[in-house]
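Participant: Structure file protein.tsv (TSV, N, CA and C atoms) is given on the next line.
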```tsv
chain	number	residue	atom	x	y	z
K	1	MET	N	-122.43	-20.46	-25.98
K	1	MET	CA	-121.53	-21.47	-25.48
K	1	MET	C	-122.16	-22.86	-25.61
K	2	ARG	N	-123.38	-22.93	-26.04
K	2	ARG	CA	-124.06	-24.23	-26.10
K	2	ARG	C	-123.39	-25.21	-27.04
K	3	GLN	N	-122.71	-24.72	-28.08
K	3	GLN	CA	-122.06	-25.66	-28.99
K	3	GLN	C	-120.81	-26.26	-28.38
K	4	ASN	N	-120.23	-25.62	-27.36
K	4	ASN	CA	-118.98	-26.09	-26.77
K	4	ASN	C	-119.17	-26.89	-25.49
K	5	ALA	N	-120.13	-26.54	-24.67
K	5	ALA	CA	-120.33	-27.23	-23.39
K	5	ALA	C	-121.81	-27.35	-23.10
K	6	LYS	N	-122.27	-28.54	-23.01
K	6	LYS	CA	-123.68	-28.80	-22.68
K	6	LYS	C	-123.89	-28.69	-21.17
K	7	ASP	N	-125.15	-28.71	-20.76
K	7	ASP	CA	-125.47	-28.69	-19.33
K	7	ASP	C	-124.77	-29.83	-18.61
K	8	LEU	N	-124.33	-29.57	-17.41
K	8	LEU	CA	-123.68	-30.55	-16.54
K	8	LEU	C	-122.34	-31.05	-17.07
K	9	ALA	N	-121.69	-30.28	-17.91
K	9	ALA	CA	-120.35	-30.64	-18.38
K	9	ALA	C	-119.36	-30.49	-17.23
K	10	GLY	N	-118.24	-31.20	-17.30
K	10	GLY	CA	-117.20	-31.08	-16.28
K	10	GLY	C	-116.58	-29.69	-16.28
K	11	ARG	N	-115.98	-29.32	-15.17
K	11	ARG	CA	-115.44	-27.96	-15.07
K	11	ARG	C	-114.31	-27.69	-16.05
K	12	ASP	N	-113.53	-28.71	-16.43
K	12	ASP	CA	-112.49	-28.49	-17.42
K	12	ASP	C	-113.10	-28.19	-18.79
K	13	VAL	N	-114.19	-28.86	-19.13
K	13	VAL	CA	-114.88	-28.61	-20.40
K	13	VAL	C	-115.51	-27.23	-20.40
K	14	VAL	N	-116.13	-26.85	-19.29
K	14	VAL	CA	-116.76	-25.54	-19.19
K	14	VAL	C	-115.71	-24.44	-19.26
K	15	ALA	N	-114.59	-24.58	-18.54
K	15	ALA	CA	-113.53	-23.58	-18.56
K	15	ALA	C	-112.97	-23.41	-19.97
K	16	ARG	N	-112.71	-24.52	-20.64
K	16	ARG	CA	-112.20	-24.47	-22.02
K	16	ARG	C	-113.21	-23.79	-22.94
K	17	SER	N	-114.47	-24.10	-22.78
K	17	SER	CA	-115.52	-23.52	-23.61
K	17	SER	C	-115.64	-22.01	-23.40
K	18	ILE	N	-115.52	-21.57	-22.16
K	18	ILE	CA	-115.56	-20.13	-21.88
K	18	ILE	C	-114.39	-19.44	-22.57
K	19	MET	N	-113.20	-20.03	-22.49
K	19	MET	CA	-112.03	-19.43	-23.15
K	19	MET	C	-112.22	-19.39	-24.67
K	20	ILE	N	-112.79	-20.42	-25.25
K	20	ILE	CA	-113.06	-20.41	-26.69
K	20	ILE	C	-113.99	-19.27	-27.05
K	21	GLU	N	-115.06	-19.10	-26.28
K	21	GLU	CA	-116.02	-18.03	-26.54
K	21	GLU	C	-115.33	-16.66	-26.47
K	22	ILE	N	-114.50	-16.46	-25.46
K	22	ILE	CA	-113.81	-15.18	-25.30
K	22	ILE	C	-112.84	-14.95	-26.45
K	23	ARG	N	-112.03	-15.96	-26.77
K	23	ARG	CA	-111.04	-15.82	-27.85
K	23	ARG	C	-111.68	-15.60	-29.22
K	24	GLU	N	-112.87	-16.14	-29.43
K	24	GLU	CA	-113.55	-15.97	-30.71
K	24	GLU	C	-114.41	-14.71	-30.74
K	25	GLY	N	-114.24	-13.84	-29.74
K	25	GLY	CA	-114.88	-12.53	-29.77
K	25	GLY	C	-116.30	-12.49	-29.22
K	26	ARG	N	-116.74	-13.52	-28.55
K	26	ARG	CA	-118.09	-13.53	-28.01
K	26	ARG	C	-118.12	-13.25	-26.50
K	27	GLY	N	-117.00	-12.77	-25.97
K	27	GLY	CA	-116.93	-12.41	-24.56
K	27	GLY	C	-117.36	-10.97	-24.36
K	28	CYS	N	-117.18	-10.48	-23.18
K	28	CYS	CA	-117.53	-9.11	-22.82
K	28	CYS	C	-116.25	-8.39	-22.39
K	29	ASP	N	-116.23	-7.09	-22.58
K	29	ASP	CA	-115.11	-6.28	-22.09
K	29	ASP	C	-115.54	-5.55	-20.83
K	30	GLY	N	-114.59	-5.25	-19.99
K	30	GLY	CA	-114.89	-4.53	-18.77
K	30	GLY	C	-113.64	-4.34	-17.96
K	31	PRO	N	-113.78	-3.81	-16.75
K	31	PRO	CA	-112.61	-3.56	-15.90
K	31	PRO	C	-111.87	-4.85	-15.54
K	32	TRP	N	-112.49	-6.00	-15.71
K	32	TRP	CA	-111.86	-7.29	-15.41
K	32	TRP	C	-111.13	-7.83	-16.62
K	33	GLY	N	-111.17	-7.12	-17.74
K	33	GLY	CA	-110.62	-7.63	-18.99
K	33	GLY	C	-111.67	-8.48	-19.69
K	34	PRO	N	-111.28	-9.19	-20.74
K	34	PRO	CA	-112.24	-10.02	-21.45
K	34	PRO	C	-112.80	-11.11	-20.52
K	35	HIS	N	-114.11	-11.28	-20.54
K	35	HIS	CA	-114.75	-12.25	-19.65
K	35	HIS	C	-116.08	-12.70	-20.23
K	36	ALA	N	-116.67	-13.70	-19.62
K	36	ALA	CA	-118.03	-14.13	-19.93
K	36	ALA	C	-118.90	-13.68	-18.76
K	37	LYS	N	-120.20	-13.76	-18.94
K	37	LYS	CA	-121.10	-13.38	-17.85
K	37	LYS	C	-121.98	-14.57	-17.48
K	38	LEU	N	-122.06	-14.84	-16.19
K	38	LEU	CA	-122.88	-15.92	-15.66
K	38	LEU	C	-124.17	-15.33	-15.12
K	39	LYS	N	-125.27	-15.66	-15.76
K	39	LYS	CA	-126.58	-15.11	-15.40
K	39	LYS	C	-127.28	-16.06	-14.44
K	40	LEU	N	-127.60	-15.59	-13.24
K	40	LEU	CA	-128.26	-16.41	-12.23
K	40	LEU	C	-129.58	-15.81	-11.76
K	41	ASP	N	-129.94	-14.62	-12.24
K	41	ASP	CA	-131.12	-13.94	-11.73
K	41	ASP	C	-132.42	-14.72	-11.96
K	42	HIS	N	-132.44	-15.63	-12.92
K	42	HIS	CA	-133.64	-16.44	-13.17
K	42	HIS	C	-133.95	-17.39	-12.01
K	43	LEU	N	-132.97	-17.63	-11.14
K	43	LEU	CA	-133.18	-18.51	-9.99
K	43	LEU	C	-133.98	-17.82	-8.89
K	44	GLY	N	-133.92	-16.50	-8.85
K	44	GLY	CA	-134.63	-15.75	-7.83
K	44	GLY	C	-133.81	-15.57	-6.55
K	45	LYS	N	-134.13	-14.52	-5.84
K	45	LYS	CA	-133.39	-14.16	-4.63
K	45	LYS	C	-133.42	-15.26	-3.57
K	46	ASP	N	-134.59	-15.85	-3.32
K	46	ASP	CA	-134.71	-16.86	-2.27
K	46	ASP	C	-133.83	-18.09	-2.55
K	47	VAL	N	-133.83	-18.56	-3.78
K	47	VAL	CA	-133.02	-19.73	-4.14
K	47	VAL	C	-131.53	-19.39	-4.04
K	48	LEU	N	-131.14	-18.23	-4.55
K	48	LEU	CA	-129.73	-17.83	-4.49
K	48	LEU	C	-129.25	-17.72	-3.05
K	49	GLU	N	-130.06	-17.10	-2.19
K	49	GLU	CA	-129.66	-16.96	-0.79
K	49	GLU	C	-129.61	-18.30	-0.06
K	50	ALA	N	-130.51	-19.21	-0.40
K	50	ALA	CA	-130.56	-20.50	0.28
K	50	ALA	C	-129.52	-21.49	-0.24
K	51	ARG	N	-129.30	-21.51	-1.56
K	51	ARG	CA	-128.46	-22.55	-2.16
K	51	ARG	C	-127.06	-22.08	-2.55
K	52	LEU	N	-126.90	-20.76	-2.79
K	52	LEU	CA	-125.60	-20.24	-3.25
K	52	LEU	C	-125.15	-19.01	-2.47
K	53	PRO	N	-125.19	-19.05	-1.15
K	53	PRO	CA	-124.81	-17.86	-0.38
K	53	PRO	C	-123.35	-17.46	-0.59
K	54	GLY	N	-122.47	-18.43	-0.78
K	54	GLY	CA	-121.06	-18.12	-1.01
K	54	GLY	C	-120.83	-17.39	-2.32
K	55	ILE	N	-121.57	-17.78	-3.36
K	55	ILE	CA	-121.47	-17.11	-4.66
K	55	ILE	C	-121.95	-15.67	-4.54
K	56	LEU	N	-123.04	-15.47	-3.81
K	56	LEU	CA	-123.55	-14.11	-3.60
K	56	LEU	C	-122.50	-13.24	-2.90
K	57	GLU	N	-121.91	-13.78	-1.84
K	57	GLU	CA	-120.92	-13.02	-1.08
K	57	GLU	C	-119.68	-12.70	-1.93
K	58	LEU	N	-119.15	-13.70	-2.62
K	58	LEU	CA	-117.96	-13.47	-3.46
K	58	LEU	C	-118.25	-12.45	-4.56
K	59	SER	N	-119.40	-12.56	-5.19
K	59	SER	CA	-119.75	-11.65	-6.28
K	59	SER	C	-119.88	-10.22	-5.79
K	60	ARG	N	-120.53	-10.06	-4.67
K	60	ARG	CA	-120.72	-8.71	-4.13
K	60	ARG	C	-119.41	-8.12	-3.62
K	61	THR	N	-118.57	-8.95	-3.01
K	61	THR	CA	-117.32	-8.47	-2.43
K	61	THR	C	-116.26	-8.16	-3.48
K	62	PHE	N	-116.06	-9.08	-4.43
K	62	PHE	CA	-114.95	-8.93	-5.36
K	62	PHE	C	-115.32	-8.38	-6.73
K	63	ALA	N	-116.50	-8.69	-7.23
K	63	ALA	CA	-116.90	-8.18	-8.56
K	63	ALA	C	-117.83	-6.99	-8.44
K	64	HIS	N	-118.29	-6.70	-7.23
K	64	HIS	CA	-119.20	-5.58	-6.97
K	64	HIS	C	-120.47	-5.68	-7.82
K	65	VAL	N	-120.98	-6.89	-7.95
K	65	VAL	CA	-122.25	-7.10	-8.64
K	65	VAL	C	-123.17	-7.92	-7.74
K	66	ASP	N	-124.45	-7.69	-7.88
K	66	ASP	CA	-125.46	-8.45	-7.15
K	66	ASP	C	-126.07	-9.46	-8.11
K	67	PRO	N	-125.73	-10.75	-7.96
K	67	PRO	CA	-126.24	-11.77	-8.88
K	67	PRO	C	-127.76	-11.88	-8.93
K	68	VAL	N	-128.44	-11.34	-7.92
K	68	VAL	CA	-129.90	-11.33	-7.93
K	68	VAL	C	-130.39	-10.43	-9.06
K	69	LYS	N	-129.60	-9.40	-9.40
K	69	LYS	CA	-130.02	-8.39	-10.37
K	69	LYS	C	-129.22	-8.37	-11.66
K	70	GLU	N	-127.97	-8.83	-11.63
K	70	GLU	CA	-127.12	-8.72	-12.83
K	70	GLU	C	-126.16	-9.91	-12.94
K	71	PRO	N	-125.66	-10.17	-14.15
K	71	PRO	CA	-124.75	-11.31	-14.35
K	71	PRO	C	-123.40	-11.11	-13.67
K	72	ILE	N	-122.76	-12.21	-13.35
K	72	ILE	CA	-121.44	-12.21	-12.71
K	72	ILE	C	-120.38	-12.34	-13.79
K	73	PRO	N	-119.35	-11.46	-13.80
K	73	PRO	CA	-118.25	-11.64	-14.75
K	73	PRO	C	-117.40	-12.84	-14.34
K	74	VAL	N	-117.12	-13.73	-15.28
K	74	VAL	CA	-116.32	-14.92	-14.98
K	74	VAL	C	-115.24	-15.12	-16.04
K	75	ILE	N	-114.13	-15.68	-15.62
K	75	ILE	CA	-113.06	-16.08	-16.52
K	75	ILE	C	-112.40	-17.32	-15.91
K	76	PRO	N	-112.06	-18.30	-16.72
K	76	PRO	CA	-111.44	-19.51	-16.17
K	76	PRO	C	-110.13	-19.21	-15.47
K	77	THR	N	-109.88	-19.97	-14.42
K	77	THR	CA	-108.65	-19.83	-13.66
K	77	THR	C	-108.32	-21.19	-13.03
K	78	CYS	N	-107.28	-21.23	-12.28
K	78	CYS	CA	-106.87	-22.47	-11.61
K	78	CYS	C	-107.93	-22.87	-10.60
K	79	HIS	N	-108.38	-24.12	-10.64
K	79	HIS	CA	-109.40	-24.59	-9.70
K	79	HIS	C	-108.80	-24.98	-8.37
K	80	TYR	N	-107.59	-25.49	-8.39
K	80	TYR	CA	-106.92	-25.88	-7.15
K	80	TYR	C	-105.43	-25.99	-7.42
K	81	MET	N	-104.64	-25.88	-6.36
K	81	MET	CA	-103.19	-25.96	-6.49
K	81	MET	C	-102.74	-27.41	-6.44
K	82	MET	N	-101.80	-27.75	-7.28
K	82	MET	CA	-101.28	-29.12	-7.32
K	82	MET	C	-99.93	-29.23	-6.61
K	83	GLY	N	-99.48	-28.18	-5.98
K	83	GLY	CA	-98.17	-28.21	-5.34
K	83	GLY	C	-97.15	-27.48	-6.19
K	84	GLY	N	-95.91	-27.63	-5.88
K	84	GLY	CA	-94.87	-26.94	-6.63
K	84	GLY	C	-93.52	-27.14	-5.99
K	85	ILE	N	-92.56	-26.45	-6.52
K	85	ILE	CA	-91.19	-26.52	-6.03
K	85	ILE	C	-90.91	-25.26	-5.23
K	86	PRO	N	-90.48	-25.39	-3.98
K	86	PRO	CA	-90.14	-24.18	-3.21
K	86	PRO	C	-89.02	-23.41	-3.91
K	87	ASN	N	-89.14	-22.09	-3.95
K	87	ASN	CA	-88.07	-21.29	-4.53
K	87	ASN	C	-87.89	-20.00	-3.76
K	88	GLN	N	-86.76	-19.36	-4.03
K	88	GLN	CA	-86.44	-18.10	-3.38
K	88	GLN	C	-86.92	-16.95	-4.26
K	89	SER	N	-86.91	-15.75	-3.71
K	89	SER	CA	-87.44	-14.60	-4.44
K	89	SER	C	-86.70	-14.31	-5.74
K	90	HIS	N	-85.44	-14.73	-5.85
K	90	HIS	CA	-84.69	-14.48	-7.08
K	90	HIS	C	-84.77	-15.67	-8.04
K	91	ARG	N	-85.81	-16.48	-7.89
K	91	ARG	CA	-86.17	-17.56	-8.80
K	91	ARG	C	-85.28	-18.80	-8.77
K	92	SER	N	-84.43	-18.93	-7.80
K	92	SER	CA	-83.65	-20.16	-7.69
K	92	SER	C	-84.38	-21.10	-6.73
K	93	SER	N	-84.27	-22.39	-6.98
K	93	SER	CA	-84.93	-23.34	-6.09
K	93	SER	C	-84.14	-23.47	-4.79
K	94	ILE	N	-84.83	-23.86	-3.76
K	94	ILE	CA	-84.22	-23.99	-2.44
K	94	ILE	C	-83.54	-25.35	-2.34
K	95	ASN	N	-82.28	-25.34	-1.99
K	95	ASN	CA	-81.52	-26.58	-1.81
K	95	ASN	C	-81.61	-26.97	-0.34
K	96	ARG	N	-82.17	-28.12	-0.05
K	96	ARG	CA	-82.39	-28.55	1.33
K	96	ARG	C	-81.25	-29.38	1.88
K	97	GLU	N	-80.12	-29.45	1.22
K	97	GLU	CA	-78.97	-30.23	1.70
K	97	GLU	C	-78.21	-29.50	2.77
```
Please rewrite the model in this file as structure tokens.
Facilitator:
Amino acid sequence: MRQNAKDLAGRDVVARSIMIEIREGRGCDGPWGPHAKLKLDHLGKDVLEARLPGILELSRTFAHVDPVKEPIPVIPTCHYMMGGIPNQSHRSSINRE
């Protein structure tokens, strides 16, 4: 991924670069579908527990991996919600009149 996103790139650049890597066949397959792997074990257990406790918890809870020992499967997704139009279950928008 080094040709697409350098260190400290913005999250939109990193997300786009991950998708390029996956689409060009350099991703990984698994129960999560095509994904990339984020390797953090070089940081060591003490640093991960002190600086990234939320990442450890999310990885263990949802991906069932321990980042201290193995890479985390990642795939770009929505970073935050921008709002939307209220609608009903049958896909029509709600009329507030």
Participant: Excluding same-chain residues fewer than 5 positions from region 73-88 of chain K, what lies within 12 Å of it counting only C-alpha atoms, as a PyMOL selection string?
Facilitator: chain K and resi 11-23+27-40+55+58-60+62-67+93-96
Participant: State, in Å with one decimal place, the distance from atom C of Leu43 (chain K) to CA of Ile72 (chain K).
Facilitator: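 Separation between atom C of Leu43 (chain K) and CA of Ile72 (chain K): 14.3 Å.
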Participant: Run DSSP on the backbone and grab whatever in chain K lands in helix (DSSP H, G or I); send it over as a PyMOL selection string.
Facilitator: chain K and resi 11-26+41-43+45-51+53-63
Participant: To test your reading of the structure, identify every residue in region 27-84 of chain K that backbone DSSP assigns to strand (DSSP E or B), and report it as a list in words.
Facilitator: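 So the strand (DSSP E or B) residues in region 27-84 of chain K would be Cys28, His35, Ala36, Lys37, Leu38, Ile72, Pro73 and Val74 of chain K.
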Participant: In Å, with one decimal, what is the gap from atom C of Lys69 (chain K) to atom N of Arg26 (chain K)?
Facilitator: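 Straight-line distance from atom C of Lys69 (chain K) to atom N of Arg26 (chain K) works out to 21.6 Å.
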Participant: Which is closest to Asp41 (chain K) among K:Glu24, K:Thr61, K:Ser92, K:Leu56, if we use only C-alpha atoms?
Facilitator: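 So, comparing all the options, the nearest one is K:Leu56.
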Participant: Would you compute the distance between atom C of Gly54 (chain K) and atom N of His42 (chain K)? Give it in Å to one decimal.
Facilitator: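 Separation of atom C of Gly54 (chain K) and atom N of His42 (chain K): 15.8 Å.
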